[in-house]
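Source file: my_file_31.cif; contents: mmCIF, C-alpha atoms.
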```
data_protein
loop_
_atom_site.group_PDB
_atom_site.id
_atom_site.type_symbol
_atom_site.label_atom_id
_atom_site.label_comp_id
_atom_site.auth_asym_id
_atom_site.auth_seq_id
_atom_site.Cartn_x
_atom_site.Cartn_y
_atom_site.Cartn_z
ATOM 1 C CA MET Q 1 -76.725 127.099 37.851
ATOM 2 C CA LYS Q 2 -75.717 128.724 41.130
ATOM 3 C CA THR Q 3 -76.067 125.350 42.844
ATOM 4 C CA ILE Q 4 -73.682 123.783 40.341
ATOM 5 C CA GLN Q 5 -71.205 126.651 40.778
ATOM 6 C CA LYS Q 6 -71.325 126.266 44.552
ATOM 7 C CA ALA Q 7 -70.773 122.528 44.229
ATOM 8 C CA LEU Q 8 -67.796 123.043 41.927
ATOM 9 C CA ALA Q 9 -66.337 125.617 44.279
ATOM 10 C CA PHE Q 10 -66.752 123.207 47.188
ATOM 11 C CA VAL Q 11 -65.026 120.418 45.240
ATOM 12 C CA GLY Q 12 -62.190 122.797 44.361
ATOM 13 C CA LEU Q 13 -61.810 123.762 48.011
ATOM 14 C CA LEU Q 14 -61.649 120.113 49.009
ATOM 15 C CA SER Q 15 -58.966 119.488 46.377
ATOM 16 C CA LEU Q 16 -56.868 122.370 47.672
ATOM 17 C CA CYS Q 17 -57.229 121.068 51.213
ATOM 18 C CA ALA Q 18 -56.126 117.609 50.104
ATOM 19 C CA LEU Q 19 -53.067 119.039 48.345
ATOM 20 C CA PHE Q 20 -52.226 121.060 51.433
ATOM 21 C CA ILE Q 21 -52.525 118.010 53.687
ATOM 22 C CA ASN Q 22 -50.326 115.937 51.379
ATOM 23 C CA ALA Q 23 -47.727 118.676 51.251
ATOM 24 C CA LEU Q 24 -47.851 118.966 55.019
ATOM 25 C CA GLN Q 25 -47.238 115.238 55.428
ATOM 26 C CA ASP Q 26 -44.368 115.187 52.943
ATOM 27 C CA ALA Q 27 -42.491 118.200 54.321
ATOM 28 C CA PRO Q 28 -39.365 117.010 56.199
ATOM 29 C CA THR Q 29 -39.842 119.068 59.347
ATOM 30 C CA ASP Q 30 -40.074 117.850 62.926
ATOM 31 C CA GLU Q 31 -43.513 119.419 63.367
ATOM 32 C CA ASN Q 32 -44.973 117.712 60.313
ATOM 33 C CA PHE Q 33 -43.307 114.458 61.258
ATOM 34 C CA GLU Q 34 -45.255 114.616 64.515
ATOM 35 C CA THR Q 35 -48.482 115.433 62.642
ATOM 36 C CA LYS Q 36 -48.011 112.368 60.466
ATOM 37 C CA LEU Q 37 -47.251 110.269 63.526
ATOM 38 C CA ILE Q 38 -50.598 111.190 65.065
ATOM 39 C CA ASN Q 39 -52.828 110.987 62.000
ATOM 40 C CA ASP Q 40 -51.384 108.281 59.748
ATOM 41 C CA TYR Q 41 -52.221 104.860 61.198
ATOM 42 C CA ASN Q 42 -53.670 102.119 58.996
ATOM 43 C CA VAL Q 43 -53.544 98.336 58.969
ATOM 44 C CA TYR Q 44 -53.144 96.558 55.649
ATOM 45 C CA ALA Q 45 -52.854 93.020 54.371
ATOM 46 C CA LEU Q 46 -49.308 92.602 53.103
ATOM 47 C CA GLN Q 47 -48.147 91.263 49.777
ATOM 48 C CA VAL Q 48 -45.408 88.697 50.231
ATOM 49 C CA PRO Q 49 -42.608 89.522 47.749
ATOM 50 C CA ASP Q 50 -42.072 86.678 45.297
ATOM 51 C CA ASP Q 51 -38.278 86.901 45.335
ATOM 52 C CA LEU Q 52 -37.453 86.428 49.012
ATOM 53 C CA ASN Q 53 -34.292 84.520 49.830
ATOM 54 C CA PHE Q 54 -31.899 83.793 52.654
ATOM 55 C CA ALA Q 55 -28.176 84.092 51.868
ATOM 56 C CA GLY Q 56 -29.004 83.826 48.176
ATOM 57 C CA GLU Q 57 -31.008 80.625 48.655
ATOM 58 C CA PRO Q 58 -34.580 81.277 47.415
ATOM 59 C CA MET Q 59 -37.688 80.550 49.456
ATOM 60 C CA PRO Q 60 -40.137 78.220 47.623
ATOM 61 C CA LEU Q 61 -43.035 80.654 47.905
ATOM 62 C CA LYS Q 62 -45.166 78.851 45.323
ATOM 63 C CA ASN Q 63 -45.671 76.248 48.029
ATOM 64 C CA PRO Q 64 -48.861 77.417 49.850
ATOM 65 C CA ASP Q 65 -47.562 76.271 53.251
ATOM 66 C CA ILE Q 66 -44.357 78.294 52.826
ATOM 67 C CA LEU Q 67 -46.307 81.320 51.604
ATOM 68 C CA GLU Q 68 -48.656 81.305 54.603
ATOM 69 C CA ARG Q 69 -45.820 80.918 57.085
ATOM 70 C CA MET Q 70 -43.902 83.769 55.486
ATOM 71 C CA ASP Q 71 -47.033 85.929 55.471
ATOM 72 C CA ARG Q 72 -47.476 85.303 59.187
ATOM 73 C CA GLU Q 73 -43.990 86.500 60.072
ATOM 74 C CA LEU Q 74 -44.240 89.584 57.872
ATOM 75 C CA LEU Q 75 -47.533 90.519 59.518
ATOM 76 C CA VAL Q 76 -46.402 89.828 63.080
ATOM 77 C CA ASN Q 77 -43.172 91.773 62.713
ATOM 78 C CA THR Q 78 -44.624 94.649 60.696
ATOM 79 C CA TYR Q 79 -47.433 95.317 63.153
ATOM 80 C CA TRP Q 80 -45.341 94.845 66.265
ATOM 81 C CA GLN Q 81 -44.363 98.434 65.655
ATOM 82 C CA SER Q 82 -42.592 99.278 68.904
ATOM 83 C CA ASN Q 83 -40.310 96.267 68.590
ATOM 84 C CA GLY Q 84 -39.736 97.027 64.910
ATOM 85 C CA LEU Q 85 -38.614 100.571 65.596
ATOM 86 C CA LEU Q 86 -36.249 99.338 68.291
ATOM 87 C CA MET Q 87 -34.717 96.922 65.779
ATOM 88 C CA PHE Q 88 -34.084 99.778 63.326
ATOM 89 C CA LYS Q 89 -32.533 101.857 66.095
ATOM 90 C CA ARG Q 90 -30.265 99.096 67.407
ATOM 91 C CA ALA Q 91 -29.297 97.861 63.950
ATOM 92 C CA LYS Q 92 -27.761 101.250 63.167
ATOM 93 C CA LYS Q 93 -25.625 100.853 66.294
ATOM 94 C CA TYR Q 94 -24.590 97.200 66.083
ATOM 95 C CA PHE Q 95 -24.625 96.135 62.422
ATOM 96 C CA PRO Q 96 -21.448 98.133 61.662
ATOM 97 C CA ILE Q 97 -19.673 95.983 64.282
ATOM 98 C CA ILE Q 98 -21.144 92.667 63.118
ATOM 99 C CA GLU Q 99 -20.875 93.094 59.339
ATOM 100 C CA PRO Q 100 -17.048 93.255 58.998
ATOM 101 C CA ILE Q 101 -16.657 90.109 61.112
ATOM 102 C CA LEU Q 102 -19.158 88.201 58.969
ATOM 103 C CA GLU Q 103 -17.216 89.342 55.913
ATOM 104 C CA LYS Q 104 -13.905 88.255 57.482
ATOM 105 C CA TYR Q 105 -15.250 84.685 57.793
ATOM 106 C CA ASN Q 106 -17.025 84.742 54.404
ATOM 107 C CA ILE Q 107 -20.403 84.413 56.099
ATOM 108 C CA PRO Q 108 -23.313 85.907 54.109
ATOM 109 C CA GLU Q 109 -24.406 89.282 55.460
ATOM 110 C CA ASP Q 110 -27.953 87.959 55.947
ATOM 111 C CA PHE Q 111 -26.761 86.278 59.134
ATOM 112 C CA LYS Q 112 -26.780 89.620 60.911
ATOM 113 C CA TYR Q 113 -30.564 89.229 60.980
ATOM 114 C CA LEU Q 114 -30.111 85.963 62.864
ATOM 115 C CA ALA Q 115 -28.656 88.018 65.715
ATOM 116 C CA VAL Q 116 -31.744 90.245 65.565
ATOM 117 C CA ILE Q 117 -34.172 87.381 66.151
ATOM 118 C CA GLU Q 118 -31.909 85.638 68.654
ATOM 119 C CA SER Q 119 -31.649 88.533 71.092
ATOM 120 C CA GLY Q 120 -33.212 91.689 69.688
ATOM 121 C CA LEU Q 121 -29.591 92.930 69.576
ATOM 122 C CA THR Q 122 -29.440 92.994 73.367
ATOM 123 C CA ASN Q 123 -27.380 91.058 75.897
ATOM 124 C CA ALA Q 124 -30.242 88.689 76.544
ATOM 125 C CA VAL Q 125 -30.252 85.626 78.823
ATOM 126 C CA SER Q 126 -32.314 82.608 77.780
ATOM 127 C CA PRO Q 127 -33.980 80.125 80.153
ATOM 128 C CA ALA Q 128 -31.513 77.514 78.864
ATOM 129 C CA GLY Q 129 -28.530 79.687 79.815
ATOM 130 C CA ALA Q 130 -27.564 81.112 76.420
ATOM 131 C CA ARG Q 131 -26.241 84.656 76.731
ATOM 132 C CA GLY Q 132 -25.347 87.737 74.761
ATOM 133 C CA VAL Q 133 -26.384 89.126 71.384
ATOM 134 C CA TRP Q 134 -25.639 85.764 69.705
ATOM 135 C CA GLN Q 135 -27.166 83.657 72.500
ATOM 136 C CA ILE Q 136 -24.185 81.362 72.933
ATOM 137 C CA MET Q 137 -24.258 78.468 75.390
ATOM 138 C CA LYS Q 138 -21.430 78.108 77.908
ATOM 139 C CA ALA Q 139 -20.033 74.892 76.404
ATOM 140 C CA THR Q 140 -19.984 76.323 72.869
ATOM 141 C CA ALA Q 141 -18.250 79.459 74.109
ATOM 142 C CA ARG Q 142 -15.511 77.534 75.892
ATOM 143 C CA GLU Q 143 -15.020 75.136 72.967
ATOM 144 C CA ASN Q 144 -14.313 78.184 70.806
ATOM 145 C CA GLY Q 145 -11.891 79.889 73.151
ATOM 146 C CA LEU Q 146 -14.090 82.309 75.081
ATOM 147 C CA GLU Q 147 -13.528 82.819 78.790
ATOM 148 C CA VAL Q 148 -16.692 82.127 80.767
ATOM 149 C CA ASN Q 149 -16.790 82.342 84.559
ATOM 150 C CA ASP Q 150 -18.290 84.500 87.301
ATOM 151 C CA ASN Q 151 -15.623 87.164 86.817
ATOM 152 C CA VAL Q 152 -15.414 87.360 83.014
ATOM 153 C CA ASP Q 153 -17.993 86.182 80.470
ATOM 154 C CA GLU Q 154 -16.894 86.906 76.912
ATOM 155 C CA ARG Q 155 -20.248 85.846 75.484
ATOM 156 C CA TYR Q 156 -21.139 89.468 76.279
ATOM 157 C CA HIS Q 157 -18.188 90.718 74.196
ATOM 158 C CA LEU Q 158 -19.871 91.460 70.873
ATOM 159 C CA GLU Q 159 -16.835 91.155 68.635
ATOM 160 C CA LYS Q 160 -15.572 87.928 70.214
ATOM 161 C CA ALA Q 161 -19.048 86.408 70.347
ATOM 162 C CA THR Q 162 -19.626 87.224 66.671
ATOM 163 C CA GLU Q 163 -16.428 85.370 65.796
ATOM 164 C CA VAL Q 164 -17.640 82.308 67.703
ATOM 165 C CA ALA Q 165 -20.998 82.473 65.918
ATOM 166 C CA CYS Q 166 -19.168 82.595 62.576
ATOM 167 C CA LYS Q 167 -17.093 79.518 63.418
ATOM 168 C CA TYR Q 168 -20.226 77.623 64.435
ATOM 169 C CA LEU Q 169 -22.045 78.604 61.256
ATOM 170 C CA LEU Q 170 -19.158 77.590 59.015
ATOM 171 C CA LYS Q 171 -19.090 74.164 60.657
ATOM 172 C CA SER Q 172 -22.862 73.820 60.234
ATOM 173 C CA LYS Q 173 -22.682 74.810 56.565
ATOM 174 C CA GLU Q 174 -19.966 72.220 55.969
ATOM 175 C CA GLU Q 175 -21.966 69.463 57.702
ATOM 176 C CA LEU Q 176 -25.450 70.286 56.410
ATOM 177 C CA GLY Q 177 -24.767 71.675 52.946
ATOM 178 C CA SER Q 178 -26.732 74.939 52.847
ATOM 179 C CA TRP Q 179 -26.802 78.288 54.616
ATOM 180 C CA THR Q 180 -30.509 77.849 55.306
ATOM 181 C CA LEU Q 181 -29.914 74.602 57.186
ATOM 182 C CA ALA Q 182 -26.907 76.166 58.933
ATOM 183 C CA ALA Q 183 -29.173 78.930 60.222
ATOM 184 C CA ALA Q 184 -31.762 76.391 61.403
ATOM 185 C CA ALA Q 185 -28.997 74.462 63.151
ATOM 186 C CA TYR Q 186 -28.044 77.592 65.071
ATOM 187 C CA ASN Q 187 -31.416 77.184 66.766
ATOM 188 C CA ALA Q 188 -31.805 73.397 66.900
ATOM 189 C CA GLY Q 189 -28.195 72.166 66.757
ATOM 190 C CA ASN Q 190 -26.374 70.343 63.972
ATOM 191 C CA ALA Q 191 -27.249 66.929 65.362
ATOM 192 C CA GLY Q 192 -30.895 67.831 65.790
ATOM 193 C CA VAL Q 193 -31.301 69.091 62.234
ATOM 194 C CA SER Q 194 -29.358 66.151 60.782
ATOM 195 C CA ARG Q 195 -31.536 63.695 62.682
ATOM 196 C CA ARG Q 196 -34.767 65.314 61.460
ATOM 197 C CA LEU Q 197 -33.564 65.320 57.850
ATOM 198 C CA LYS Q 198 -32.732 61.634 58.054
ATOM 199 C CA GLU Q 199 -35.952 60.688 59.853
ATOM 200 C CA GLN Q 200 -38.150 62.494 57.346
ATOM 201 C CA GLY Q 201 -36.168 61.560 54.255
ATOM 202 C CA VAL Q 202 -35.715 65.113 52.981
ATOM 203 C CA SER Q 203 -32.739 67.391 52.352
ATOM 204 C CA ASP Q 204 -34.202 70.905 52.607
ATOM 205 C CA TYR Q 205 -35.327 73.037 55.565
ATOM 206 C CA TYR Q 206 -38.576 73.964 53.860
ATOM 207 C CA ASP Q 207 -39.541 70.276 53.539
ATOM 208 C CA LEU Q 208 -39.048 69.547 57.232
ATOM 209 C CA LEU Q 209 -41.819 69.248 59.785
ATOM 210 C CA LEU Q 210 -40.338 70.969 62.826
ATOM 211 C CA GLY Q 211 -41.373 72.231 66.218
ATOM 212 C CA GLU Q 212 -42.805 75.728 66.616
ATOM 213 C CA GLU Q 213 -39.571 77.596 67.336
ATOM 214 C CA THR Q 214 -37.289 76.065 64.700
ATOM 215 C CA GLY Q 215 -40.185 75.882 62.230
ATOM 216 C CA ARG Q 216 -40.600 79.664 62.405
ATOM 217 C CA TYR Q 217 -36.904 80.446 62.657
ATOM 218 C CA LEU Q 218 -35.943 81.056 59.024
ATOM 219 C CA PHE Q 219 -39.203 82.814 58.269
ATOM 220 C CA ARG Q 220 -38.603 85.240 61.123
ATOM 221 C CA ILE Q 221 -35.070 85.938 59.909
ATOM 222 C CA VAL Q 222 -36.242 86.624 56.352
ATOM 223 C CA ALA Q 223 -39.132 88.770 57.616
ATOM 224 C CA LEU Q 224 -36.754 90.957 59.632
ATOM 225 C CA LYS Q 225 -34.385 91.143 56.684
ATOM 226 C CA GLU Q 226 -37.207 92.301 54.408
ATOM 227 C CA ILE Q 227 -38.618 94.842 56.871
ATOM 228 C CA LEU Q 228 -35.290 96.299 57.983
ATOM 229 C CA SER Q 229 -34.201 96.588 54.345
ATOM 230 C CA HIS Q 230 -37.391 98.414 53.269
ATOM 231 C CA PRO Q 231 -38.728 100.551 56.139
ATOM 232 C CA ASP Q 232 -40.913 102.803 53.954
ATOM 233 C CA LYS Q 233 -42.568 99.818 52.313
ATOM 234 C CA TYR Q 234 -43.718 98.526 55.697
ATOM 235 C CA GLY Q 235 -44.788 101.847 57.166
ATOM 236 C CA PHE Q 236 -41.853 102.625 59.464
ATOM 237 C CA ASN Q 237 -41.181 106.357 59.640
ATOM 238 C CA PHE Q 238 -38.027 107.693 61.229
ATOM 239 C CA ARG Q 239 -35.146 110.019 60.594
ATOM 240 C CA ASP Q 240 -31.490 109.155 60.826
ATOM 241 C CA LYS Q 241 -31.225 111.182 64.020
ATOM 242 C CA ASP Q 242 -33.832 108.882 65.619
ATOM 243 C CA LEU Q 243 -31.473 105.893 65.373
ATOM 244 C CA TYR Q 244 -28.890 104.839 67.934
ATOM 245 C CA THR Q 245 -25.195 105.277 67.258
ATOM 246 C CA ASN Q 246 -22.041 103.949 68.848
ATOM 247 C CA VAL Q 247 -20.079 106.127 71.218
ATOM 248 C CA PRO Q 248 -16.445 106.220 70.024
ATOM 249 C CA THR Q 249 -14.047 104.464 72.371
ATOM 250 C CA TYR Q 250 -10.352 103.890 72.814
ATOM 251 C CA LYS Q 251 -8.781 100.722 74.196
ATOM 252 C CA VAL Q 252 -6.856 100.293 77.407
ATOM 253 C CA GLU Q 253 -4.809 97.115 77.774
ATOM 254 C CA VAL Q 254 -4.375 95.545 81.210
ATOM 255 C CA ASN Q 255 -2.491 92.385 82.201
ATOM 256 C CA THR Q 256 -2.869 92.630 85.965
ATOM 257 C CA ALA Q 257 -5.708 92.327 88.427
ATOM 258 C CA ILE Q 258 -7.960 95.353 88.992
ATOM 259 C CA SER Q 259 -9.187 95.463 92.567
ATOM 260 C CA ASP Q 260 -11.828 98.174 92.151
ATOM 261 C CA PHE Q 261 -13.503 99.081 88.863
ATOM 262 C CA THR Q 262 -15.051 102.192 90.413
ATOM 263 C CA GLU Q 263 -11.580 103.636 90.989
ATOM 264 C CA PHE Q 264 -10.401 102.385 87.576
ATOM 265 C CA ALA Q 265 -13.350 104.120 85.882
ATOM 266 C CA GLU Q 266 -12.717 107.394 87.712
ATOM 267 C CA GLU Q 267 -9.078 107.327 86.630
ATOM 268 C CA HIS Q 268 -10.328 107.322 83.027
ATOM 269 C CA GLY Q 269 -12.891 110.101 83.480
ATOM 270 C CA ILE Q 270 -16.035 107.938 83.626
ATOM 271 C CA ASN Q 271 -18.059 106.145 86.272
ATOM 272 C CA TYR Q 272 -18.656 102.487 87.084
ATOM 273 C CA LYS Q 273 -21.956 102.313 85.176
ATOM 274 C CA ILE Q 274 -20.455 103.654 81.948
ATOM 275 C CA LEU Q 275 -17.476 101.307 82.240
ATOM 276 C CA LYS Q 276 -19.852 98.333 82.491
ATOM 277 C CA LEU Q 277 -22.075 99.599 79.668
ATOM 278 C CA HIS Q 278 -19.109 99.497 77.303
ATOM 279 C CA ASN Q 279 -17.626 96.296 78.726
ATOM 280 C CA PRO Q 280 -20.544 94.050 79.709
ATOM 281 C CA TRP Q 281 -18.242 91.017 79.648
ATOM 282 C CA LEU Q 282 -16.726 92.248 82.932
ATOM 283 C CA ARG Q 283 -19.174 90.606 85.334
ATOM 284 C CA GLU Q 284 -17.929 91.689 88.764
ATOM 285 C CA PRO Q 285 -16.729 94.938 90.396
ATOM 286 C CA HIS Q 286 -13.142 93.726 90.034
ATOM 287 C CA LEU Q 287 -10.911 91.722 87.700
ATOM 288 C CA ASN Q 288 -9.154 88.690 89.171
ATOM 289 C CA ASN Q 289 -6.623 87.965 86.374
ATOM 290 C CA LYS Q 290 -4.406 85.615 88.374
ATOM 291 C CA SER Q 291 -2.835 84.342 85.136
ATOM 292 C CA GLY Q 292 -1.678 87.750 83.904
ATOM 293 C CA LYS Q 293 -3.854 87.522 80.788
ATOM 294 C CA LEU Q 294 -3.951 90.557 78.496
ATOM 295 C CA TYR Q 295 -7.412 92.134 78.427
ATOM 296 C CA THR Q 296 -8.565 95.094 76.364
ATOM 297 C CA ILE Q 297 -11.080 97.426 78.012
ATOM 298 C CA ASP Q 298 -13.086 99.958 75.988
ATOM 299 C CA ILE Q 299 -13.185 103.498 77.365
ATOM 300 C CA PRO Q 300 -15.502 106.096 75.763
ATOM 301 C CA GLU Q 301 -13.875 109.191 74.409
ATOM 302 C CA LYS Q 302 -14.317 112.375 76.411
ATOM 303 C CA GLY Q 303 -17.391 114.520 75.979
ATOM 304 C CA TYR Q 304 -19.979 111.837 75.230
ATOM 305 C CA TYR Q 305 -21.422 111.492 78.734
ATOM 306 C CA ASP Q 306 -22.489 114.223 81.110
ATOM 307 C CA LEU Q 307 -21.550 112.900 84.528
ATOM 308 C CA VAL Q 308 -23.359 114.091 87.627
ATOM 309 C CA ARG Q 309 -20.720 115.172 90.102
#
```
Encoding of this model in structure tokens:
Amino acid sequence: MKTIQKALAFVGLLSLCALFINALQDAPTDENFETKLINDYNVYALQVPDDLNFAGEPMPLKNPDILERMDRELLVNTYWQSNGLLMFKRAKKYFPIIEPILEKYNIPEDFKYLAVIESGLTNAVSPAGARGVWQIMKATARENGLEVNDNVDERYHLEKATEVACKYLLKSKEELGSWTLAAAAYNAGNAGVSRRLKEQGVSDYYDLLLGEETGRYLFRIVALKEILSHPDKYGFNFRDKDLYTNVPTYKVEVNTAISDFTEFAEEHGINYKILKLHNPWLREPHLNNKSGKLYTIDIPEKGYYDLVR
């Protein structure tokens, strides 16, 4: 009898400990957040949702090939945790800039995830020479009105580059007939996708046999869409204060040359580095502007940077 009582007491103690641990993990304090960070790491097989879509166009997940390819991208991007957290952090900073421009051009909001897989929401440079968050080639930029030279490269201007991406996507949608194919064409080109469709006698991205990069392209976009839309479901733990935010800026218009951006920055209460951080499209320490073009330069509002004097 005493043995049974001791066993019951031990079970009760274990239950209380379990409740305490659960409560500790659920409490929204910084200390308990750190405890969870240290002690809560598991790897699971993932269930691919059966209603995934891109821009409202459903993925044919009953097709075993499509299911396996989608599963791969969900796994790779869920368990590449450091990259995933960076995407959450940067998305909070850059999606509010991208989303209104997509809406202006009637581009589905899902295309913001295309920018995520293109560049990781950074001003990346590809081996082929594509640049900026949207990875725009020089010829495409110039065809769509962006200035690209050693002095100024507007592919690094997020708002202007997003507008160019929208124009390209609208043209692709018109030529190819679906948003899914338009997204694929952003990677492989309109001509390339059209040629493959004709050669293989199909009309849908998911029926195409493609090279590694373009073949994974849509699946990666949809995987990032799914993960970034449901962080808790995929094991990402963060607080709003952990995410990046934009520093408010005001705009200064100039229509003359600027001989020294260090002096220009100091006149506006910042330094050269901060000026370039907010205006990465300015590529040199000066602005030539022989034509008298009107440029708009972003200057951060006071109090957001502690300058070392």
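For the pair atom CA of Q:Gly189 and atom CA of Q:Glu213, the interatomic distance is 12.6 Å.
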Find, counting only C-alpha atoms, the residue in Q:Thr78, Q:Thr256, Q:Ser178, Q:Asn123 that gets nearest to Q:Glu154.
Q:Asn123
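Considering all atoms listed in the file, the residue among Q:Val252, Q:Ala191, Q:Val152, Q:Met59 positioned nearest to Q:Thr296 is Q:Val252.
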Hits from the PyMOL selection byres ((chain Q and resi 84) around 12), listed as an MDAnalysis selection string:
chainID Q and resid 74:83 85:91 116:117 120:121 223:231 234:238
Counting all atoms listed in the file, note down every residue that has an atom within 12 Å of the point (-13.5, 82.0, 64.8) (file coordinates), as a PyMOL selection string.
chain Q and resi 101-102+104-107+140-141+143-146+159-171
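Here atom CA of Q:Glu118 and atom CA of Q:Ile136 stand 9.8 Å from one another.
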